[in-house]
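A short worksheet on the structure shown next.
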Amino acid sequence: MSKVLSFGKSNKLKFILASVLAFIFGGLFLFSQSSSSQAQGLDEWPMFHHDLNHTGYSTSTAPNTNGVLWTYQTGNAVYSSPAVAGGKVYIGSTDYKVYALDATTGEFIWSYQTGSQVAWSSPAVANGKVYIGSRDGYFYALDASTGGLIWSYQTGVIAYSSPAVAGGKVYIGSPDGKVYALDAATGTFVWSYQTGDYVYSSPAVAGGKVYIGSSDGKVYAFADLDSDNDGMPDVYEQAHYCLNPLVPDATANLDDDELNNYAEMVVGTDPCFPNPELALDSDGDGFTDGKEIFIGTDPLDACPDNSSDDAWPPDLDKNKAVTILDVLLYKAKLPPAPYDRRYDLDTNGSVNILDVLLFKPLLGKTCQ
């Protein structure tokens with residue numbers, strides 16, 4: 001009996017020791033895997049010069065020899081610098097295309113045809129989108145997985161600058177002499193600033209500021225200064241002679257058209273000159289084109305065609321009817337919730353009781 005007990009205790013001790021060792025080495029393995037995963041994330045090069053600070057520095061290991069892993073032949077010269085993210089290489093070519101290739105094998109994944117050469121602009125990758133400029137004057141946002149067009153924005157002249165993405169905005173320079181900030185999700189104009197000459201430089205973002213150079217010989221630093229606290233940055237107000245960065249004038253409508261000054265900043269129209277086209281209701285859904293563009297719905301579509309469409313306002317749950325569910329969704333966006341333009345039906349820069357009054361008469365309305 002004593003031998004059996006002795007044998008049992010020995011096995012028990014061995015089992016405990018094995019369990020402890022398994023726990024230790026298992027933990028080390030998981031830590032190794034986690035560290036490896038983190039290192040892989042740091043290995044990515046998602047934009048021009050690696051990061052928003054444009055340091056050009058990576059923690060990645062690098063080859064010590066010139067062994068060629070793979071090559072891929074585009075249709076013309078490549079001046080654009082690659083971005084590497086999510087196992088893909090994104091790059092532009094003067095054959096008018098933007099390419100996505102497998103980072104390990106070089107195999108073709110997708111391409112997108114722009115209207116001209118994709119020459120000096122290099123892609124930035126963020127939140128499932130690829131941002132890049134073309135010599136056709138447009139900046140593009142493409143789906144990083146499929147290459148499908150999400151939005152494009154025309155500056156009017158050749159795009160050389162490489163975009164920087166930060167804080168939900170895309171920052172770019174343009175040879176029209178302006179620095180632009182666009183909404184990263186929709187491409188909607190946020191603000192621009194007119195420098196004294198062409199802007200070929202690519203912006204860097206650090207410490208809440210945007211830095212960029214111009215051919216006028218100056219380096220500019222932009223910050224979210226809003227001296228009058230009216231929601232319109234000083235740089236935007238300074239760029240429009242009818243606005244005053246020291247006077248709260250966001251809710252004023254100086255050109256007496258469909259949208260107030262703040263809404264015109266968001267839509268991208270000039271607040272100092274009337275824009276009568278904003279008062280049109282092209283789809284006949286009861287909301288003017290200007291207000292639909294502002295809140296992010298389609299001014300040419302009175303009813304969503306499919307689940308991916310933005311619903312006509314204010315069918316917030318996209319079921320083609322304004323119901324009590326929309327009321328509940330709407331109520332959740334009232335203060336103290338963060339401001340959301342989708343619920344700002346009077347386009348005054350805040351969601352409040354005035355929007356509720358516009359919302360209430362639409363209960364029961366349907367679309368086909």
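Residue numbering restarts at 1 for every chain of the structure tokens, chains are lettered A, B, ... in their displayed order, and ligands are numbered from 1 as they appear.
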
Any chance you could list, as an NGL selection string, the residues in stretch 116-331 of chain A that come up helix (DSSP H, G or I) when DSSP is run on the backbone?
:A and (234-238 or 261-267 or 276-279 or 289-295 or 324-331)

C-alpha atoms of the current selection, written as a CSV table (one decimal), in the first residue's frame:
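Writing the result to selection-v4.csv gives the following:
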```
chain,number,residue,atom,x,y,z
A,234,ASP,CA,-9.5,80.6,-38.7
A,235,VAL,CA,-7.7,79.4,-41.9
A,236,TYR,CA,-11.1,78.9,-43.6
A,237,GLU,CA,-12.5,82.2,-42.4
A,238,GLN,CA,-9.3,84.1,-43.5
A,261,ASN,CA,-21.7,79.9,-43.7
A,262,TYR,CA,-20.8,76.7,-41.7
A,263,ALA,CA,-22.8,74.4,-44.0
A,264,GLU,CA,-21.1,76.0,-47.1
A,265,MET,CA,-17.7,75.3,-45.5
A,266,VAL,CA,-18.7,71.6,-45.2
A,267,VAL,CA,-20.3,71.4,-48.7
A,276,PRO,CA,-28.8,78.9,-56.2
A,277,GLU,CA,-28.2,75.3,-57.2
A,278,LEU,CA,-28.2,74.4,-53.6
A,279,ALA,CA,-31.9,75.2,-53.3
A,289,ASP,CA,-29.8,69.3,-52.7
A,290,GLY,CA,-27.6,71.6,-50.5
A,291,LYS,CA,-28.9,70.1,-47.3
A,292,GLU,CA,-28.6,66.5,-48.6
A,293,ILE,CA,-25.0,67.1,-49.6
A,294,PHE,CA,-24.4,68.5,-46.1
A,295,ILE,CA,-25.8,65.6,-44.1
A,324,ILE,CA,-40.6,55.3,-34.3
A,325,LEU,CA,-37.3,53.5,-34.7
A,326,ASP,CA,-35.9,56.5,-36.5
A,327,VAL,CA,-37.1,58.7,-33.7
A,328,LEU,CA,-35.2,56.5,-31.2
A,329,LEU,CA,-32.1,56.6,-33.3
A,330,TYR,CA,-32.5,60.4,-33.7
A,331,LYS,CA,-33.0,60.9,-30.0
```

Using backbone DSSP assignments, extract all strand (DSSP E) residues from stretch 40-248 of chain A; output them as a PyMOL selection string.
chain A and resi 83-85+88-92+97-102+108-113+124-126+129-133+138-143+149-154+164-166+169-173+178-183+189-194+204-206+209-213+219-223

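Going from atom CA of A:Asn53 to atom CA of A:Ala206 covers 5.7 Å.
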
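Distances to A:Ser201 were evaluated for A:Gly217, A:Pro248, A:Gly231, A:Gly148 using only C-alpha atoms, and the minimum falls at A:Gly217.
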
For the contact check between stretch 172-280 of chain A and stretch 54-69 of chain A, emit one row per residue of stretch 172-280 of chain A within 9 Å, containing the shortest atom pair and the distance in Å rounded to one decimal, counting only C-alpha atoms, chain then rising number order, as JSON lines.
```
{"residue": "A:Pro203", "atom": "CA", "partner": "A:His54", "partner_atom": "CA", "distance": 8.6}
{"residue": "A:Ala204", "atom": "CA", "partner": "A:His54", "partner_atom": "CA", "distance": 6.1}
{"residue": "A:Val205", "atom": "CA", "partner": "A:His54", "partner_atom": "CA", "distance": 8.2}
```

Excluding stretch 98-114 of chain A and residues on its chain fewer than 5 positions from it, collect all residues at most 9 Å away from it, counting only C-alpha atoms, and give them as a PDB file with N, CA and C atoms, in the first residue's frame.
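Result saved to out_28.pdb:
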```pdb
ATOM      1  N   LEU A  69      13.413  39.284 -54.706  1.00  0.00           N
ATOM      2  CA  LEU A  69      12.343  38.359 -54.323  1.00  0.00           C
ATOM      3  C   LEU A  69      11.306  38.239 -55.425  1.00  0.00           C
ATOM      4  N   TRP A  70      10.894  39.369 -55.991  1.00  0.00           N
ATOM      5  CA  TRP A  70       9.946  39.357 -57.111  1.00  0.00           C
ATOM      6  C   TRP A  70       9.963  40.717 -57.816  1.00  0.00           C
ATOM      7  N   THR A  71       9.452  40.755 -59.030  1.00  0.00           N
ATOM      8  CA  THR A  71       9.217  42.004 -59.753  1.00  0.00           C
ATOM      9  C   THR A  71       7.822  41.935 -60.358  1.00  0.00           C
ATOM     10  N   TYR A  72       7.246  43.098 -60.601  1.00  0.00           N
ATOM     11  CA  TYR A  72       5.947  43.162 -61.282  1.00  0.00           C
ATOM     12  C   TYR A  72       6.032  44.259 -62.339  1.00  0.00           C
ATOM     13  N   THR A  74       4.475  46.995 -64.580  1.00  0.00           N
ATOM     14  CA  THR A  74       3.324  47.844 -64.887  1.00  0.00           C
ATOM     15  C   THR A  74       3.429  48.271 -66.342  1.00  0.00           C
ATOM     16  N   VAL A  84       2.941  49.902 -47.959  1.00  0.00           N
ATOM     17  CA  VAL A  84       2.772  48.487 -47.631  1.00  0.00           C
ATOM     18  C   VAL A  84       1.903  48.378 -46.391  1.00  0.00           C
ATOM     19  N   ALA A  85       0.768  47.690 -46.535  1.00  0.00           N
ATOM     20  CA  ALA A  85      -0.157  47.532 -45.407  1.00  0.00           C
ATOM     21  C   ALA A  85      -1.057  46.329 -45.661  1.00  0.00           C
ATOM     22  N   GLY A  86      -1.330  45.582 -44.596  1.00  0.00           N
ATOM     23  CA  GLY A  86      -2.255  44.457 -44.706  1.00  0.00           C
ATOM     24  C   GLY A  86      -1.813  43.387 -45.686  1.00  0.00           C
ATOM     25  N   GLY A  87      -0.500  43.209 -45.828  1.00  0.00           N
ATOM     26  CA  GLY A  87       0.000  42.180 -46.740  1.00  0.00           C
ATOM     27  C   GLY A  87      -0.033  42.567 -48.200  1.00  0.00           C
ATOM     28  N   LYS A  88      -0.296  43.826 -48.501  1.00  0.00           N
ATOM     29  CA  LYS A  88      -0.357  44.296 -49.884  1.00  0.00           C
ATOM     30  C   LYS A  88       0.594  45.461 -50.096  1.00  0.00           C
ATOM     31  N   VAL A  89       1.066  45.593 -51.342  1.00  0.00           N
ATOM     32  CA  VAL A  89       1.853  46.741 -51.769  1.00  0.00           C
ATOM     33  C   VAL A  89       0.970  47.590 -52.676  1.00  0.00           C
ATOM     34  N   TYR A  90       0.839  48.867 -52.356  1.00  0.00           N
ATOM     35  CA  TYR A  90       0.045  49.796 -53.171  1.00  0.00           C
ATOM     36  C   TYR A  90       0.991  50.793 -53.820  1.00  0.00           C
ATOM     37  N   ILE A  91       0.779  51.053 -55.117  1.00  0.00           N
ATOM     38  CA  ILE A  91       1.687  51.957 -55.834  1.00  0.00           C
ATOM     39  C   ILE A  91       0.980  52.506 -57.071  1.00  0.00           C
ATOM     40  N   GLY A  92       1.393  53.702 -57.475  1.00  0.00           N
ATOM     41  CA  GLY A  92       0.878  54.293 -58.705  1.00  0.00           C
ATOM     42  C   GLY A  92       1.861  54.139 -59.838  1.00  0.00           C
ATOM     43  N   SER A  93       1.349  54.246 -61.079  1.00  0.00           N
ATOM     44  CA  SER A  93       2.190  54.118 -62.271  1.00  0.00           C
ATOM     45  C   SER A  93       1.769  55.172 -63.291  1.00  0.00           C
ATOM     46  N   PRO A 123       0.762  56.611 -52.413  1.00  0.00           N
ATOM     47  CA  PRO A 123      -0.454  56.284 -51.665  1.00  0.00           C
ATOM     48  C   PRO A 123      -0.284  56.356 -50.155  1.00  0.00           C
ATOM     49  N   ILE A 132      -4.726  58.547 -52.971  1.00  0.00           N
ATOM     50  CA  ILE A 132      -3.632  58.877 -53.898  1.00  0.00           C
ATOM     51  C   ILE A 132      -4.122  59.915 -54.901  1.00  0.00           C
ATOM     52  N   SER A 134      -3.668  61.903 -58.867  1.00  0.00           N
ATOM     53  CA  SER A 134      -3.327  61.628 -60.264  1.00  0.00           C
ATOM     54  C   SER A 134      -3.132  62.949 -61.002  1.00  0.00           C
ATOM     55  N   ARG A 135      -2.439  62.872 -62.124  1.00  0.00           N
ATOM     56  CA  ARG A 135      -2.235  64.072 -62.944  1.00  0.00           C
ATOM     57  C   ARG A 135      -3.522  64.551 -63.605  1.00  0.00           C
ATOM     58  N   ASP A 136      -4.618  63.827 -63.461  1.00  0.00           N
ATOM     59  CA  ASP A 136      -5.904  64.307 -63.962  1.00  0.00           C
ATOM     60  C   ASP A 136      -6.519  65.359 -63.031  1.00  0.00           C
ATOM     61  N   TYR A 138      -7.390  64.868 -59.866  1.00  0.00           N
ATOM     62  CA  TYR A 138      -8.239  64.279 -58.833  1.00  0.00           C
ATOM     63  C   TYR A 138      -7.397  63.570 -57.773  1.00  0.00           C
ATOM     64  N   TYR A 140      -8.021  60.438 -55.126  1.00  0.00           N
ATOM     65  CA  TYR A 140      -8.920  59.288 -55.069  1.00  0.00           C
ATOM     66  C   TYR A 140      -8.837  58.583 -53.720  1.00  0.00           C
ATOM     67  N   LEU A 142      -9.788  54.754 -52.608  1.00  0.00           N
ATOM     68  CA  LEU A 142     -10.142  53.451 -53.155  1.00  0.00           C
ATOM     69  C   LEU A 142     -10.276  52.435 -52.033  1.00  0.00           C
ATOM     70  N   ALA A 144      -9.328  49.415 -50.153  1.00  0.00           N
ATOM     71  CA  ALA A 144      -8.023  48.749 -50.090  1.00  0.00           C
ATOM     72  C   ALA A 144      -8.097  47.285 -50.453  1.00  0.00           C
ATOM     73  N   SER A 145      -9.244  46.660 -50.290  1.00  0.00           N
ATOM     74  CA  SER A 145      -9.392  45.231 -50.582  1.00  0.00           C
ATOM     75  C   SER A 145      -9.746  44.964 -52.039  1.00  0.00           C
ATOM     76  N   THR A 146     -10.603  45.829 -52.620  1.00  0.00           N
ATOM     77  CA  THR A 146     -11.137  45.547 -53.957  1.00  0.00           C
ATOM     78  C   THR A 146     -10.676  46.522 -55.030  1.00  0.00           C
ATOM     79  N   GLY A 147     -10.195  47.703 -54.626  1.00  0.00           N
ATOM     80  CA  GLY A 147      -9.830  48.721 -55.604  1.00  0.00           C
ATOM     81  C   GLY A 147     -10.999  49.540 -56.091  1.00  0.00           C
ATOM     82  N   GLY A 148     -12.179  49.306 -55.530  1.00  0.00           N
ATOM     83  CA  GLY A 148     -13.354  50.061 -55.948  1.00  0.00           C
ATOM     84  C   GLY A 148     -13.262  51.521 -55.518  1.00  0.00           C
ATOM     85  N   LEU A 149     -13.819  52.404 -56.349  1.00  0.00           N
ATOM     86  CA  LEU A 149     -13.797  53.831 -56.048  1.00  0.00           C
ATOM     87  C   LEU A 149     -14.763  54.137 -54.905  1.00  0.00           C
TER      88      LEU A 149
END
```

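Going from atom CA of A:Ala239 over to atom CA of A:Asp344, you cover 25.2 Å.
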